[in-house]
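Each remark here refers to the structure printed beneath this line.
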Amino acid sequence: MKKPIVKKELQGSLGEYRWEMTEDGSYTLFSEHFEESCHSHAGALEETLYNYIEGCEILPIVKNKGKIHIFELGFGTGLGMSATWDYLRVALHAGESSPTLHFTSCEIDYELAHHFLKEAVDKGMLQNLNFDDSLRIFTAEFSSFKKGSQLTVIIGDIRERITYWQSSSLYTYTGPVDAIYQDAFSPKRCPRLWTYEWFSQLASISHATTKMATYSSTKAVWKAMVKAGWAVRTVQGYGSKKLSTRASRDGECPQEIIDLMERSPVEYLRD
Ligand SMILES: C[S@@+](CC[C@H](N)C(=O)[O-])C[C@H]1O[C@@H](n2cnc3c(N)ncnc32)[C@H](O)[C@@H]1O
């Protein structure tokens with residue numbers, strides 16, 4: 001008889017994490033520090049595919065440009081990175097003539113990022129993993145994609161670190177981002193990662209057609225995005241969520257979203 005897999009708890013820099021199995025059979029982590037799980041209990045992998053990979057239209061972007069630069073908030077279990085790598089590899093039959101994949105993420109918990117980055121190296125997804133002590137940034141190269149395809153993980157509070165990265169040679173190398181996985185813990189747990197000021201910072205690393213996707217669909221978040229220059233629309237939510245949000249630098253908000261925001265007395269989120 002097959003023994004059930006028992007996954008050990010993880011000790012991060014910010015406290016303990018425990019594994020939780022989700023309904024699609026993939027795992028998520030619960031953070032004791034933030035008192036929240038990294039993914040929907042309906043399915044960690046399915047949610048990542050639906051909300052971020054399909055939500056940001058990753059495949060059409062790569063097919064159109066022959067390359068992509070994705071920014072993720074935050075790294076967590078590394079599922080956003082590994083699911084994207086795997087999805088593109090299979091969809092594009094990645095090999096010698098593969099496109100360029102740049103993936104930039106951020107993580108406040110050094111130990112957590114280190115753990116999952118080492119695991120990705122062991123699985124053959126990444127090579128030449130390096131941590132620059134003075135920059136406090138991990139870099140690595142993706143296997144199966146065009147030479148020079150780069151992973152960057154910025155360690156620390158991204159609100160403090162983003163401008164530092166933006167003025168570094170790493171950003172000069174990858175350029176602005178084509179897609180943003182806005183996968184922070186909830187506005188209740190991490191309010192400064194959902195504000196007008198944060199969405200303005202994200203706008204500053206974007207270009208005219210950048211897409212952003214998130215699981216959250218509160219009007220205070222929409223209003224903060226719109227004030228920062230993002231056009232907001234909604235799609236069906238994943239799992240127990242009724243709606244989730246898609247945003248872009250081009251286009252306009254549908255009239256029904258404008259009406260819903262106008263009718264709501266809630267203020268946009270700000271620092
Ligand atoms: C919802 S989880 C991300 C899940 C991840 N995308 C995955 O696929 O596993 C949010 C992550 O953001 C990190 N985080 C929280 N506050 C942060 C901050 N201010 N700056 C950078 N990362 C932060 C948390 O430690 C956590 O790992």
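Residue numbering restarts at 1 in every chain; chains get A, B, ... in the order shown in the structure tokens, and ligands count up from 1 in that same order.
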Given a cut-off of 6 Å, what residues near ligand 1 show up using only C-alpha atoms and all ligand atoms, put as a compact mmCIF listing (two decimals) with C-alpha atoms, in the first residue's frame?
# COMPACT_ATOMS: atom_id res chain seq x y z
CA CYS A 38 -0.39 31.27 -0.16
CA LEU A 73 4.52 39.65 -5.93
CA GLY A 74 5.72 37.48 -4.08
CA PHE A 75 7.78 34.31 -4.55
CA GLY A 76 6.27 32.14 -1.73
CA THR A 77 6.57 28.45 -2.67
CA GLY A 78 7.93 29.30 -6.14
CA LEU A 79 4.76 27.87 -7.73
CA GLY A 80 4.17 31.00 -9.85
CA CYS A 106 10.26 39.35 -4.61
CA GLU A 107 10.17 37.80 -1.17
CA ILE A 108 10.37 39.32 2.31
CA ASP A 109 11.39 35.95 3.82
CA GLY A 156 13.17 42.31 1.55
CA ASP A 157 10.10 44.55 1.61
CA ILE A 158 9.37 45.19 -2.06
CA ASP A 183 -0.22 37.67 -5.68
CA ALA A 184 0.27 39.39 -2.31
CA PHE A 185 -1.39 38.21 0.87
Legend entry - Distance query A:Ala247 at most 8 Å, only C-alpha atoms, self and fewer than 5 positions along chain excluded, as an NGL selection string: :A and (211-213 or 230-233)
Inset, instruction - Enumerate the residues of stretch 132-204 of chain A with a DSSP assignment of alpha helix (DSSP H), computed from the backbone, and present them as a list in words. - result: Ile158, Arg159, Glu160, Arg161, Ile162, Thr163, Tyr164, Trp165, Gln166, Ser169, Leu170, Tyr171, Thr172, Tyr173, Thr174, Tyr196, Glu197, Trp198, Phe199, Ser200, Gln201, Leu202, Ala203 and Ser204 of chain A
Inset, instruction - Enumerate as number ranges by chain all residues of stretch 36-214 of chain A assigned to strand (DSSP E) by DSSP on the backbone, naming them with the chain letters and numbers the document uses. - result: A: 36-37, 67-73, 100-107, 126-132, 137-142, 150-155, 177-182, 206-214
Legend entry - Selection near A:Lys223, 8 Å with only C-alpha atoms, sequence-local residues under 5 positions removed, as an NGL selection string: :A and (261 or 267-269)
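Remark: for A:Glu47, the closest of the candidate residues A:Lys7, A:Arg161, A:Gly239, A:Gln127 is A:Gly239 (distances computed over only C-alpha atoms).
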Inset, instruction - For each of A:Phe116, A:Tyr215, A:Trp165, A:Phe103, take the minimum atom-to-atom distance to A:Ser244, counting only C-alpha atoms, then give the residue where this is smallest. - result: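 Among the listed residues, A:Tyr215 lies closest to A:Ser244.
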Spatial neighbours of A:Phe145, max dist 12 Å, only C-alpha atoms, sep filter under 3 positions, as an mmCIF file with N, CA, C and O atoms, in the first residue's frame:
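Once everything was written out, this is around30.cif:
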data_model
loop_
_atom_site.group_PDB
_atom_site.id
_atom_site.type_symbol
_atom_site.label_atom_id
_atom_site.label_comp_id
_atom_site.auth_asym_id
_atom_site.auth_seq_id
_atom_site.Cartn_x
_atom_site.Cartn_y
_atom_site.Cartn_z
ATOM 1 N N VAL A 62 4.113 35.833 -25.393
ATOM 2 C CA VAL A 62 5.359 35.191 -25.839
ATOM 3 C C VAL A 62 5.309 34.933 -27.347
ATOM 4 O O VAL A 62 6.287 35.173 -28.062
ATOM 5 N N GLY A 66 8.091 36.922 -28.858
ATOM 6 C CA GLY A 66 9.238 36.007 -28.844
ATOM 7 C C GLY A 66 10.020 36.084 -27.546
ATOM 8 O O GLY A 66 11.102 35.510 -27.408
ATOM 9 N N LYS A 67 9.489 36.795 -26.569
ATOM 10 C CA LYS A 67 10.117 36.906 -25.250
ATOM 11 C C LYS A 67 9.092 37.452 -24.260
ATOM 12 O O LYS A 67 8.055 37.993 -24.678
ATOM 13 N N ILE A 68 9.390 37.319 -22.979
ATOM 14 C CA ILE A 68 8.478 37.883 -21.972
ATOM 15 C C ILE A 68 9.247 38.198 -20.703
ATOM 16 O O ILE A 68 10.221 37.513 -20.361
ATOM 17 N N THR A 84 4.768 28.595 -14.484
ATOM 18 C CA THR A 84 4.962 29.381 -15.717
ATOM 19 C C THR A 84 6.006 28.702 -16.601
ATOM 20 O O THR A 84 5.819 28.543 -17.813
ATOM 21 N N TRP A 85 7.112 28.292 -15.979
ATOM 22 C CA TRP A 85 8.203 27.626 -16.703
ATOM 23 C C TRP A 85 7.688 26.361 -17.386
ATOM 24 O O TRP A 85 7.912 26.130 -18.578
ATOM 25 N N ASP A 86 6.936 25.564 -16.617
ATOM 26 C CA ASP A 86 6.434 24.292 -17.113
ATOM 27 C C ASP A 86 5.405 24.493 -18.226
ATOM 28 O O ASP A 86 5.440 23.841 -19.262
ATOM 29 N N LEU A 88 4.952 27.108 -20.255
ATOM 30 C CA LEU A 88 5.530 27.630 -21.499
ATOM 31 C C LEU A 88 6.379 26.575 -22.194
ATOM 32 O O LEU A 88 6.386 26.467 -23.411
ATOM 33 N N ARG A 89 7.103 25.788 -21.398
ATOM 34 C CA ARG A 89 7.963 24.737 -21.941
ATOM 35 C C ARG A 89 7.115 23.740 -22.738
ATOM 36 O O ARG A 89 7.446 23.386 -23.858
ATOM 37 N N VAL A 90 5.981 23.329 -22.158
ATOM 38 C CA VAL A 90 5.114 22.349 -22.824
ATOM 39 C C VAL A 90 4.415 23.006 -24.021
ATOM 40 O O VAL A 90 4.412 22.473 -25.133
ATOM 41 N N LEU A 92 5.214 25.507 -25.840
ATOM 42 C CA LEU A 92 6.084 25.963 -26.943
ATOM 43 C C LEU A 92 7.073 24.886 -27.384
ATOM 44 O O LEU A 92 7.933 25.172 -28.208
ATOM 45 N N HIS A 93 6.965 23.686 -26.803
ATOM 46 C CA HIS A 93 7.947 22.625 -27.068
ATOM 47 C C HIS A 93 9.346 23.215 -26.940
ATOM 48 O O HIS A 93 10.162 23.124 -27.872
ATOM 49 N N ALA A 94 9.591 23.887 -25.824
ATOM 50 C CA ALA A 94 10.827 24.660 -25.655
ATOM 51 C C ALA A 94 12.075 23.827 -25.904
ATOM 52 O O ALA A 94 12.142 22.664 -25.513
ATOM 53 N N GLY A 95 13.015 24.391 -26.577
ATOM 54 C CA GLY A 95 14.268 23.715 -26.901
ATOM 55 C C GLY A 95 15.297 24.731 -27.336
ATOM 56 O O GLY A 95 15.307 25.847 -26.827
ATOM 57 N N GLU A 96 16.096 24.342 -28.336
ATOM 58 C CA GLU A 96 17.187 25.204 -28.813
ATOM 59 C C GLU A 96 16.724 26.615 -29.176
ATOM 60 O O GLU A 96 17.351 27.595 -28.834
ATOM 61 N N SER A 97 15.583 26.680 -29.908
ATOM 62 C CA SER A 97 15.145 27.990 -30.409
ATOM 63 C C SER A 97 14.069 28.612 -29.509
ATOM 64 O O SER A 97 13.189 29.331 -29.972
ATOM 65 N N SER A 98 14.143 28.306 -28.217
ATOM 66 C CA SER A 98 13.118 28.787 -27.284
ATOM 67 C C SER A 98 13.157 30.299 -27.136
ATOM 68 O O SER A 98 14.191 30.915 -27.329
ATOM 69 N N PRO A 99 12.029 30.872 -26.739
ATOM 70 C CA PRO A 99 12.023 32.319 -26.475
ATOM 71 C C PRO A 99 12.769 32.654 -25.178
ATOM 72 O O PRO A 99 13.181 31.766 -24.438
ATOM 73 N N THR A 100 12.911 33.943 -24.944
ATOM 74 C CA THR A 100 13.544 34.407 -23.704
ATOM 75 C C THR A 100 12.487 34.525 -22.618
ATOM 76 O O THR A 100 11.437 35.135 -22.843
ATOM 77 N N LEU A 101 12.765 33.947 -21.452
ATOM 78 C CA LEU A 101 11.868 34.065 -20.296
ATOM 79 C C LEU A 101 12.601 34.791 -19.177
ATOM 80 O O LEU A 101 13.581 34.277 -18.640
ATOM 81 N N HIS A 102 12.147 36.006 -18.864
ATOM 82 C CA HIS A 102 12.660 36.710 -17.677
ATOM 83 C C HIS A 102 11.543 36.707 -16.643
ATOM 84 O O HIS A 102 10.398 37.081 -16.963
ATOM 85 N N PHE A 103 11.872 36.296 -15.429
ATOM 86 C CA PHE A 103 10.866 36.235 -14.366
ATOM 87 C C PHE A 103 11.468 36.917 -13.148
ATOM 88 O O PHE A 103 12.502 36.489 -12.643
ATOM 89 N N MET A 125 15.355 23.042 -13.161
ATOM 90 C CA MET A 125 14.675 24.202 -13.761
ATOM 91 C C MET A 125 15.614 25.401 -13.849
ATOM 92 O O MET A 125 15.569 26.182 -14.789
ATOM 93 N N LEU A 126 16.469 25.531 -12.816
ATOM 94 C CA LEU A 126 17.373 26.684 -12.724
ATOM 95 C C LEU A 126 18.819 26.222 -12.641
ATOM 96 O O LEU A 126 19.110 25.140 -12.140
ATOM 97 N N GLN A 127 19.719 27.098 -13.104
ATOM 98 C CA GLN A 127 21.144 26.835 -12.917
ATOM 99 C C GLN A 127 21.857 28.134 -12.553
ATOM 100 O O GLN A 127 21.307 29.220 -12.735
ATOM 101 N N GLU A 141 19.723 31.254 -13.909
ATOM 102 C CA GLU A 141 19.341 31.163 -15.325
ATOM 103 C C GLU A 141 18.338 30.029 -15.479
ATOM 104 O O GLU A 141 18.493 28.983 -14.852
ATOM 105 N N PHE A 142 17.344 30.247 -16.332
ATOM 106 C CA PHE A 142 16.376 29.182 -16.610
ATOM 107 C C PHE A 142 16.965 28.194 -17.606
ATOM 108 O O PHE A 142 17.554 28.609 -18.605
ATOM 109 N N GLY A 148 20.522 33.179 -21.399
ATOM 110 C CA GLY A 148 20.365 34.540 -20.868
ATOM 111 C C GLY A 148 19.003 34.753 -20.218
ATOM 112 O O GLY A 148 18.753 35.801 -19.624
ATOM 113 N N SER A 149 18.108 33.749 -20.325
ATOM 114 C CA SER A 149 16.791 33.870 -19.671
ATOM 115 C C SER A 149 17.007 33.896 -18.165
ATOM 116 O O SER A 149 17.604 32.971 -17.600
ATOM 117 N N GLN A 150 16.522 34.920 -17.526
ATOM 118 C CA GLN A 150 16.945 35.166 -16.145
ATOM 119 C C GLN A 150 15.830 35.168 -15.109
ATOM 120 O O GLN A 150 14.774 35.744 -15.336
ATOM 121 N N LEU A 151 16.116 34.544 -13.971
ATOM 122 C CA LEU A 151 15.257 34.663 -12.790
ATOM 123 C C LEU A 151 15.918 35.642 -11.830
ATOM 124 O O LEU A 151 17.125 35.565 -11.581
#
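Counting only C-alpha atoms and comparing A:Arg189, A:Ile205, A:Ile154, A:His69, the residue that lies closest to A:His33 is A:Arg189.
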Inset, instruction - Point out the residue among A:Gly12, A:Glu36, A:Asp178, A:Val221 with the least atom-to-atom distance to A:Thr104, counting only C-alpha atoms. - result: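 Nearest candidate to A:Thr104 out of A:Gly12, A:Glu36, A:Asp178, A:Val221: A:Asp178.
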Legend entry - Proximity to A:Glu197 - best of A:Leu112, A:Ile137, A:Ala179, A:Ala228, only C-alpha atoms: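 Of A:Leu112, A:Ile137, A:Ala179, A:Ala228, the one nearest A:Glu197, counting only C-alpha atoms, is A:Ala228.
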Contact residues around A:Phe199 with only C-alpha atoms at 9 Å, ignoring same-chain residues under 4 positions, as a short mmCIF file (atom, residue, chain, number, x, y, z; two decimals) with N, CA and C atoms, in the first residue's frame:
data_model
loop_
_atom_site.label_atom_id
_atom_site.label_comp_id
_atom_site.auth_asym_id
_atom_site.auth_seq_id
_atom_site.Cartn_x
_atom_site.Cartn_y
_atom_site.Cartn_z
N LEU A 193 0.60 46.64 0.09
CA LEU A 193 0.84 46.02 -1.22
C LEU A 193 -0.40 46.09 -2.12
N TRP A 194 -1.38 46.95 -1.72
CA TRP A 194 -2.62 47.08 -2.48
C TRP A 194 -3.01 48.55 -2.65
N THR A 195 -2.10 49.44 -2.45
CA THR A 195 -2.47 50.86 -2.43
C THR A 195 -2.22 51.55 -3.77
N ALA A 203 3.11 50.65 -12.15
CA ALA A 203 2.97 51.34 -13.46
C ALA A 203 4.33 51.80 -13.95
N SER A 204 5.20 52.19 -13.03
CA SER A 204 6.51 52.74 -13.43
C SER A 204 7.47 51.65 -13.96
N ALA A 224 -7.94 52.03 -6.33
CA ALA A 224 -6.50 52.33 -6.21
C ALA A 224 -5.79 52.08 -7.54
N MET A 225 -6.17 50.98 -8.22
CA MET A 225 -5.56 50.66 -9.52
C MET A 225 -5.91 51.74 -10.55
N VAL A 226 -7.19 52.09 -10.61
CA VAL A 226 -7.64 53.07 -11.62
C VAL A 226 -6.97 54.41 -11.39
N LYS A 227 -6.85 54.82 -10.12
CA LYS A 227 -6.21 56.10 -9.81
C LYS A 227 -4.74 56.08 -10.25
N ALA A 228 -4.13 54.88 -10.25
CA ALA A 228 -2.72 54.77 -10.65
C ALA A 228 -2.58 54.55 -12.16
N GLY A 229 -3.71 54.62 -12.89
CA GLY A 229 -3.63 54.58 -14.35
C GLY A 229 -3.84 53.23 -14.99
N TRP A 230 -4.43 52.28 -14.23
CA TRP A 230 -4.71 50.96 -14.79
C TRP A 230 -6.18 50.89 -15.21
#
Inset, instruction - Pick out the residues sitting within 10 Å of A:Gln166, and hand them over as a VMD selection string; count only C-alpha atoms, and ignore anything fewer than 3 positions along from it in its own chain. - result: chain A and resid 161 to 163 169 to 172 175 to 176 204 to 205
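The space separating atom CA of A:Tyr196 from atom CA of A:Asp271 comes to 7.6 Å.
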Legend entry - Among the residues A:Lys146, A:Arg249, A:Lys123, A:Lys118, the one that comes closest to A:Thr210 [using only C-alpha atoms]: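 Smallest distance to A:Thr210 is found for A:Arg249.
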Inset, instruction - One decimal, Å: what's the distance from atom CA of A:Gly251 over to atom CA of A:Ser264, could you say? - result: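 Interatomic distance here is 22.5 Å.
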Inset, instruction - Could you tell me how far atom CA of A:Thr152 lies from atom CA of A:Phe138, in Å and to one decimal? - result: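 Pair atom CA of A:Thr152 / atom CA of A:Phe138 returns 5.7 Å.
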